[in-house]
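Shown here: run_20.pdb, PDB, C-alpha atoms.
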```
ATOM      1  CA  MET A  94    -173.712-145.228 -46.653  1.00  0.00           C
ATOM      2  CA  ARG A  95    -173.523-142.436 -49.130  1.00  0.00           C
ATOM      3  CA  TYR A  96    -170.946-144.272 -51.150  1.00  0.00           C
ATOM      4  CA  LEU A  97    -173.106-147.313 -51.926  1.00  0.00           C
ATOM      5  CA  PRO A  98    -176.042-145.537 -53.632  1.00  0.00           C
ATOM      6  CA  ALA A  99    -173.624-143.413 -55.679  1.00  0.00           C
ATOM      7  CA  MET A 100    -171.913-146.588 -56.920  1.00  0.00           C
ATOM      8  CA  LEU A 101    -175.231-148.164 -57.823  1.00  0.00           C
ATOM      9  CA  LEU A 102    -176.231-144.968 -59.572  1.00  0.00           C
ATOM     10  CA  HIS A 103    -172.971-145.020 -61.557  1.00  0.00           C
ATOM     11  CA  THR A 104    -173.448-148.636 -62.741  1.00  0.00           C
ATOM     12  CA  SER A 105    -177.082-148.072 -63.674  1.00  0.00           C
ATOM     13  CA  ARG A 106    -176.065-144.979 -65.686  1.00  0.00           C
ATOM     14  CA  ALA A 107    -173.430-147.056 -67.492  1.00  0.00           C
ATOM     15  CA  ARG A 108    -176.063-149.665 -68.345  1.00  0.00           C
ATOM     16  CA  ILE A 109    -178.436-146.989 -69.569  1.00  0.00           C
ATOM     17  CA  ASN A 110    -175.680-145.368 -71.631  1.00  0.00           C
ATOM     18  CA  GLY A 111    -174.733-148.756 -73.096  1.00  0.00           C
ATOM     19  CA  LEU A 112    -178.357-149.516 -73.880  1.00  0.00           C
ATOM     20  CA  THR A 113    -178.877-146.158 -75.539  1.00  0.00           C
ATOM     21  CA  ALA A 114    -175.720-146.733 -77.602  1.00  0.00           C
ATOM     22  CA  VAL A 115    -177.118-150.042 -78.835  1.00  0.00           C
ATOM     23  CA  ILE A 116    -180.446-148.405 -79.657  1.00  0.00           C
ATOM     24  CA  ARG A 117    -178.674-145.572 -81.491  1.00  0.00           C
ATOM     25  CA  MET A 118    -176.620-148.081 -83.468  1.00  0.00           C
ATOM     26  CA  ALA A 119    -179.748-150.068 -84.369  1.00  0.00           C
ATOM     27  CA  ARG A 120    -181.444-146.899 -85.644  1.00  0.00           C
ATOM     28  CA  ASP A 121    -178.378-145.756 -87.579  1.00  0.00           C
ATOM     29  CA  GLN A 122    -178.925-146.320 -91.307  1.00  0.00           C
ATOM     30  CA  ARG A 123    -175.792-144.805 -92.786  1.00  0.00           C
ATOM     31  CA  ALA A 124    -174.312-148.149 -93.937  1.00  0.00           C
ATOM     32  CA  ALA A 125    -177.565-150.012 -94.515  1.00  0.00           C
ATOM     33  CA  THR A 126    -177.352-149.585 -98.287  1.00  0.00           C
ATOM     34  CA  ALA A 127    -173.839-151.033 -98.424  1.00  0.00           C
ATOM     35  CA  VAL A 128    -174.844-154.034 -96.334  1.00  0.00           C
ATOM     36  CA  GLU A 129    -177.950-154.678 -98.442  1.00  0.00           C
ATOM     37  CA  PHE A 130    -175.886-154.398-101.632  1.00  0.00           C
ATOM     38  CA  ALA A 131    -173.328-156.879-100.281  1.00  0.00           C
ATOM     39  CA  ILE A 132    -176.119-159.356 -99.526  1.00  0.00           C
ATOM     40  CA  VAL A 133    -177.805-158.976-102.925  1.00  0.00           C
ATOM     41  CA  VAL A 134    -174.788-158.698-105.273  1.00  0.00           C
ATOM     42  CA  VAL A 135    -173.678-162.366-105.192  1.00  0.00           C
ATOM     43  CA  PRO A 136    -177.054-163.888-106.182  1.00  0.00           C
ATOM     44  CA  LEU A 137    -177.491-161.113-108.745  1.00  0.00           C
ATOM     45  CA  ILE A 138    -174.147-161.883-110.402  1.00  0.00           C
ATOM     46  CA  LEU A 139    -174.913-165.619-110.414  1.00  0.00           C
ATOM     47  CA  LEU A 140    -178.296-164.943-112.004  1.00  0.00           C
ATOM     48  CA  LEU A 141    -176.700-162.690-114.629  1.00  0.00           C
ATOM     49  CA  PHE A 142    -173.993-165.192-115.585  1.00  0.00           C
ATOM     50  CA  GLY A 143    -176.474-168.079-115.497  1.00  0.00           C
ATOM     51  CA  THR A 144    -178.783-166.269-117.913  1.00  0.00           C
ATOM     52  CA  MET A 145    -175.915-165.498-120.273  1.00  0.00           C
ATOM     53  CA  GLU A 146    -174.630-169.076-120.191  1.00  0.00           C
ATOM     54  CA  PHE A 147    -178.131-170.465-120.748  1.00  0.00           C
ATOM     55  CA  GLY A 148    -178.442-168.280-123.855  1.00  0.00           C
ATOM     56  CA  ARG A 149    -175.020-169.394-125.085  1.00  0.00           C
ATOM     57  CA  ALA A 150    -175.944-173.049-124.526  1.00  0.00           C
ATOM     58  CA  LEU A 151    -179.138-172.618-126.537  1.00  0.00           C
ATOM     59  CA  TRP A 152    -177.197-170.955-129.352  1.00  0.00           C
ATOM     60  CA  LEU A 153    -174.605-173.758-129.436  1.00  0.00           C
ATOM     61  CA  LEU A 154    -177.326-176.413-129.331  1.00  0.00           C
ATOM     62  CA  ASN A 155    -179.101-174.732-132.236  1.00  0.00           C
ATOM     63  CA  ALA A 156    -175.808-174.665-134.175  1.00  0.00           C
ATOM     64  CA  LEU A 157    -175.299-178.390-133.492  1.00  0.00           C
ATOM     65  CA  HIS A 158    -178.798-179.259-134.695  1.00  0.00           C
ATOM     66  CA  TYR A 159    -178.490-177.106-137.807  1.00  0.00           C
ATOM     67  CA  SER A 160    -175.069-178.434-138.827  1.00  0.00           C
ATOM     68  CA  SER A 161    -175.944-182.099-138.232  1.00  0.00           C
ATOM     69  CA  GLU A 162    -179.158-181.703-140.239  1.00  0.00           C
ATOM     70  CA  GLU A 163    -177.360-179.978-143.115  1.00  0.00           C
ATOM     71  CA  ALA A 164    -174.627-182.639-143.141  1.00  0.00           C
ATOM     72  CA  ALA A 165    -177.134-185.519-143.164  1.00  0.00           C
ATOM     73  CA  ARG A 166    -179.031-183.847-145.988  1.00  0.00           C
ATOM     74  CA  CYS A 167    -175.792-183.286-147.917  1.00  0.00           C
ATOM     75  CA  ALA A 168    -174.786-186.938-147.429  1.00  0.00           C
ATOM     76  CA  SER A 169    -178.144-188.028-148.843  1.00  0.00           C
ATOM     77  CA  ASN A 170    -178.356-185.599-151.760  1.00  0.00           C
ATOM     78  CA  SER A 171    -174.826-184.662-152.844  1.00  0.00           C
ATOM     79  CA  THR A 172    -172.283-187.460-153.038  1.00  0.00           C
ATOM     80  CA  ALA A 173    -169.825-185.153-154.821  1.00  0.00           C
ATOM     81  CA  THR A 174    -169.599-182.806-151.816  1.00  0.00           C
ATOM     82  CA  CYS A 175    -170.311-185.322-149.048  1.00  0.00           C
ATOM     83  CA  GLY A 176    -169.169-188.667-150.402  1.00  0.00           C
ATOM     84  CA  THR A 177    -167.041-189.892-147.504  1.00  0.00           C
ATOM     85  CA  SER A 178    -167.391-189.696-143.733  1.00  0.00           C
ATOM     86  CA  SER A 179    -164.536-187.200-143.426  1.00  0.00           C
ATOM     87  CA  GLN A 180    -166.131-184.971-146.076  1.00  0.00           C
ATOM     88  CA  ILE A 181    -169.450-185.100-144.204  1.00  0.00           C
ATOM     89  CA  GLN A 182    -167.724-184.207-140.917  1.00  0.00           C
ATOM     90  CA  SER A 183    -165.877-181.303-142.547  1.00  0.00           C
ATOM     91  CA  PHE A 184    -169.106-180.087-144.142  1.00  0.00           C
ATOM     92  CA  ALA A 185    -170.906-180.203-140.783  1.00  0.00           C
ATOM     93  CA  ALA A 186    -168.097-178.294-139.041  1.00  0.00           C
ATOM     94  CA  SER A 187    -168.076-175.640-141.762  1.00  0.00           C
ATOM     95  CA  ARG A 188    -171.865-175.160-141.669  1.00  0.00           C
ATOM     96  CA  SER A 189    -172.155-174.830-137.894  1.00  0.00           C
ATOM     97  CA  GLY A 190    -171.255-171.158-137.550  1.00  0.00           C
ATOM     98  CA  ALA A 191    -169.948-171.861-134.056  1.00  0.00           C
ATOM     99  CA  ASP A 192    -166.408-172.984-134.971  1.00  0.00           C
ATOM    100  CA  PHE A 193    -166.867-176.624-133.917  1.00  0.00           C
ATOM    101  CA  SER A 194    -164.041-179.034-134.631  1.00  0.00           C
ATOM    102  CA  VAL A 195    -164.483-181.979-136.973  1.00  0.00           C
ATOM    103  CA  ALA A 196    -164.165-184.385-134.022  1.00  0.00           C
ATOM    104  CA  VAL A 197    -167.520-183.187-132.637  1.00  0.00           C
ATOM    105  CA  PHE A 198    -169.390-184.945-135.465  1.00  0.00           C
ATOM    106  CA  THR A 199    -169.693-188.677-136.138  1.00  0.00           C
ATOM    107  CA  VAL A 200    -171.191-190.170-139.295  1.00  0.00           C
ATOM    108  CA  SER A 201    -172.915-193.482-139.919  1.00  0.00           C
ATOM    109  CA  THR A 202    -173.956-194.249-143.503  1.00  0.00           C
ATOM    110  CA  SER A 203    -175.331-197.672-142.636  1.00  0.00           C
ATOM    111  CA  ALA A 204    -177.998-196.610-140.119  1.00  0.00           C
ATOM    112  CA  PRO A 205    -181.521-198.046-140.611  1.00  0.00           C
ATOM    113  CA  CYS A 206    -182.846-194.549-141.326  1.00  0.00           C
ATOM    114  CA  GLY A 207    -180.136-193.709-143.868  1.00  0.00           C
ATOM    115  CA  ASN A 208    -177.292-191.262-143.303  1.00  0.00           C
ATOM    116  CA  LEU A 209    -176.999-190.504-139.597  1.00  0.00           C
ATOM    117  CA  VAL A 210    -174.929-187.542-138.364  1.00  0.00           C
ATOM    118  CA  THR A 211    -174.467-187.237-134.600  1.00  0.00           C
ATOM    119  CA  ALA A 212    -172.882-184.314-132.764  1.00  0.00           C
ATOM    120  CA  SER A 213    -171.664-184.227-129.166  1.00  0.00           C
ATOM    121  CA  TYR A 214    -170.059-181.091-127.731  1.00  0.00           C
ATOM    122  CA  PRO A 215    -168.798-180.721-124.128  1.00  0.00           C
ATOM    123  CA  MET A 216    -169.565-177.144-123.094  1.00  0.00           C
ATOM    124  CA  ASN A 217    -167.725-175.586-120.171  1.00  0.00           C
ATOM    125  CA  LEU A 218    -169.937-173.102-118.364  1.00  0.00           C
ATOM    126  CA  MET A 219    -168.329-169.800-117.418  1.00  0.00           C
ATOM    127  CA  ILE A 220    -170.072-169.222-114.093  1.00  0.00           C
ATOM    128  CA  PRO A 221    -168.186-167.695-111.142  1.00  0.00           C
ATOM    129  CA  PHE A 222    -167.554-169.711-107.970  1.00  0.00           C
ATOM    130  CA  GLY A 223    -167.479-173.084-109.729  1.00  0.00           C
ATOM    131  CA  SER A 224    -166.443-175.137-112.706  1.00  0.00           C
ATOM    132  CA  TYR A 225    -169.369-176.761-114.468  1.00  0.00           C
ATOM    133  CA  SER A 226    -169.665-178.680-117.733  1.00  0.00           C
ATOM    134  CA  VAL A 227    -172.606-179.946-119.764  1.00  0.00           C
ATOM    135  CA  THR A 228    -172.633-182.079-122.924  1.00  0.00           C
ATOM    136  CA  LEU A 229    -174.788-180.833-125.783  1.00  0.00           C
ATOM    137  CA  GLN A 230    -175.967-183.467-128.272  1.00  0.00           C
ATOM    138  CA  ALA A 231    -177.776-183.441-131.602  1.00  0.00           C
ATOM    139  CA  GLN A 232    -178.454-185.960-134.348  1.00  0.00           C
ATOM    140  CA  SER A 233    -180.130-186.043-137.711  1.00  0.00           C
ATOM    141  CA  CYS A 234    -180.863-188.789-140.182  1.00  0.00           C
ATOM    142  CA  PHE A 235    -181.896-188.619-143.852  1.00  0.00           C
ATOM    143  CA  ALA A 236    -182.703-191.438-146.206  1.00  0.00           C
ATOM    144  CA  PRO A 237    -180.487-191.659-149.292  1.00  0.00           C
ATOM    145  CA  GLN A 238    -181.820-189.998-152.430  1.00  0.00           C
ATOM    146  CA  LYS A 239    -183.086-192.541-154.965  1.00  0.00           C
ATOM    147  CA  SER A 240    -181.690-192.106-158.459  1.00  0.00           C
TER     148      SER A 240
END
```
Can the structure from this file be put into structure tokens for me?
Amino acid sequence: MRYLPAMLLHTSRARINGLTAVIRMARDQRAATAVEFAIVVVPLILLLFGTMEFGRALWLLNALHYSSEEAARCASNSTATCGTSSQIQSFAASRSGADFSVAVFTVSTSAPCGNLVTASYPMNLMIPFGSYSVTLQAQSCFAPQKS
């Protein structure tokens, strides 16, 4: 008879010790900062890279608009510099400031509005955990200068 209550006492002490160990582990905050950092770092890095890529996309889009506008204006006003389509494309690429190739720009001198310069640039986004691409487009049209 004495053996049975001692065994029950031993198992209830083990449960109490196990429960207190769980409570102690729940109250322990030594690694809480590392766990919180691990949870927050991935969205923070994605937000950082997304902001940088958004700024780069705006800069490239501004360069496309500027260069297409300058090329259309040159085609309308200066036939010596921008007399042919290839000259207009080269002028647009040189004025961009973003090192675009000549193939990015297309020229139409017979558009209803006059000299139309269109730019289309496929931009690869440098964001971790994925490969994304977006196409930036710009166009400008100027009527030919009357002599």
Grab the atom CA of A:Ile181 to atom CA of A:Val200 distance for me, in Å with one decimal place.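 Atom-to-atom, atom CA of A:Ile181 and atom CA of A:Val200 are spaced 7.3 Å apart.
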Please expand the PyMOL selection byres ((chain A and resi 157-166) around 10) into the concrete residues it hits in this file, giving the result as number ranges by chain. A: 151-156, 167-171, 175, 180-191, 193, 197-202, 207-214, 229-238
Would you save the residues from that selection as a short mmCIF file (atom, residue, chain, number, x, y, z; two decimals), in the coordinates of the input, using C-alpha atoms?
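Resulting contents of again-v8.cif:
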```cif
data_model
loop_
_atom_site.label_atom_id
_atom_site.label_comp_id
_atom_site.auth_asym_id
_atom_site.auth_seq_id
_atom_site.Cartn_x
_atom_site.Cartn_y
_atom_site.Cartn_z
CA LEU A 151 -179.14 -172.62 -126.54
CA TRP A 152 -177.20 -170.96 -129.35
CA LEU A 153 -174.60 -173.76 -129.44
CA LEU A 154 -177.33 -176.41 -129.33
CA ASN A 155 -179.10 -174.73 -132.24
CA ALA A 156 -175.81 -174.66 -134.18
CA CYS A 167 -175.79 -183.29 -147.92
CA ALA A 168 -174.79 -186.94 -147.43
CA SER A 169 -178.14 -188.03 -148.84
CA ASN A 170 -178.36 -185.60 -151.76
CA SER A 171 -174.83 -184.66 -152.84
CA CYS A 175 -170.31 -185.32 -149.05
CA GLN A 180 -166.13 -184.97 -146.08
CA ILE A 181 -169.45 -185.10 -144.20
CA GLN A 182 -167.72 -184.21 -140.92
CA SER A 183 -165.88 -181.30 -142.55
CA PHE A 184 -169.11 -180.09 -144.14
CA ALA A 185 -170.91 -180.20 -140.78
CA ALA A 186 -168.10 -178.29 -139.04
CA SER A 187 -168.08 -175.64 -141.76
CA ARG A 188 -171.86 -175.16 -141.67
CA SER A 189 -172.16 -174.83 -137.89
CA GLY A 190 -171.26 -171.16 -137.55
CA ALA A 191 -169.95 -171.86 -134.06
CA PHE A 193 -166.87 -176.62 -133.92
CA VAL A 197 -167.52 -183.19 -132.64
CA PHE A 198 -169.39 -184.94 -135.46
CA THR A 199 -169.69 -188.68 -136.14
CA VAL A 200 -171.19 -190.17 -139.29
CA SER A 201 -172.92 -193.48 -139.92
CA THR A 202 -173.96 -194.25 -143.50
CA GLY A 207 -180.14 -193.71 -143.87
CA ASN A 208 -177.29 -191.26 -143.30
CA LEU A 209 -177.00 -190.50 -139.60
CA VAL A 210 -174.93 -187.54 -138.36
CA THR A 211 -174.47 -187.24 -134.60
CA ALA A 212 -172.88 -184.31 -132.76
CA SER A 213 -171.66 -184.23 -129.17
CA TYR A 214 -170.06 -181.09 -127.73
CA LEU A 229 -174.79 -180.83 -125.78
CA GLN A 230 -175.97 -183.47 -128.27
CA ALA A 231 -177.78 -183.44 -131.60
CA GLN A 232 -178.45 -185.96 -134.35
CA SER A 233 -180.13 -186.04 -137.71
CA CYS A 234 -180.86 -188.79 -140.18
CA PHE A 235 -181.90 -188.62 -143.85
CA ALA A 236 -182.70 -191.44 -146.21
CA PRO A 237 -180.49 -191.66 -149.29
CA GLN A 238 -181.82 -190.00 -152.43
#
```
Counting all atoms listed in the file, which of A:Arg117, A:Leu218, A:Lys239, A:Ser226 gets nearest to A:Phe142? A:Leu218
Under the rule that all atoms listed in the file are counted, which of A:Ala173, A:Ala127, A:Ala150, A:Cys206 is the nearest residue to A:Val227?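 Nearest to A:Val227: A:Ala150.
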Report as lines of an AutoDock Vina configuration file the centre and the edge lengths, in Å to one decimal, of the axis-aligned box holding every listed atom of stretch 214-233 of chain A, padded by 4 Å on each side.
```
center_x = -173.3
center_y = -176.9
center_z = -122.8
size_x = 21.7
size_y = 26.3
size_z = 37.7
```
If I take atom CA of A:Phe130 and atom CA of A:Asn217, how far is one from the other in Å, to one decimal?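 Distance reported for this atom pair: 29.3 Å.
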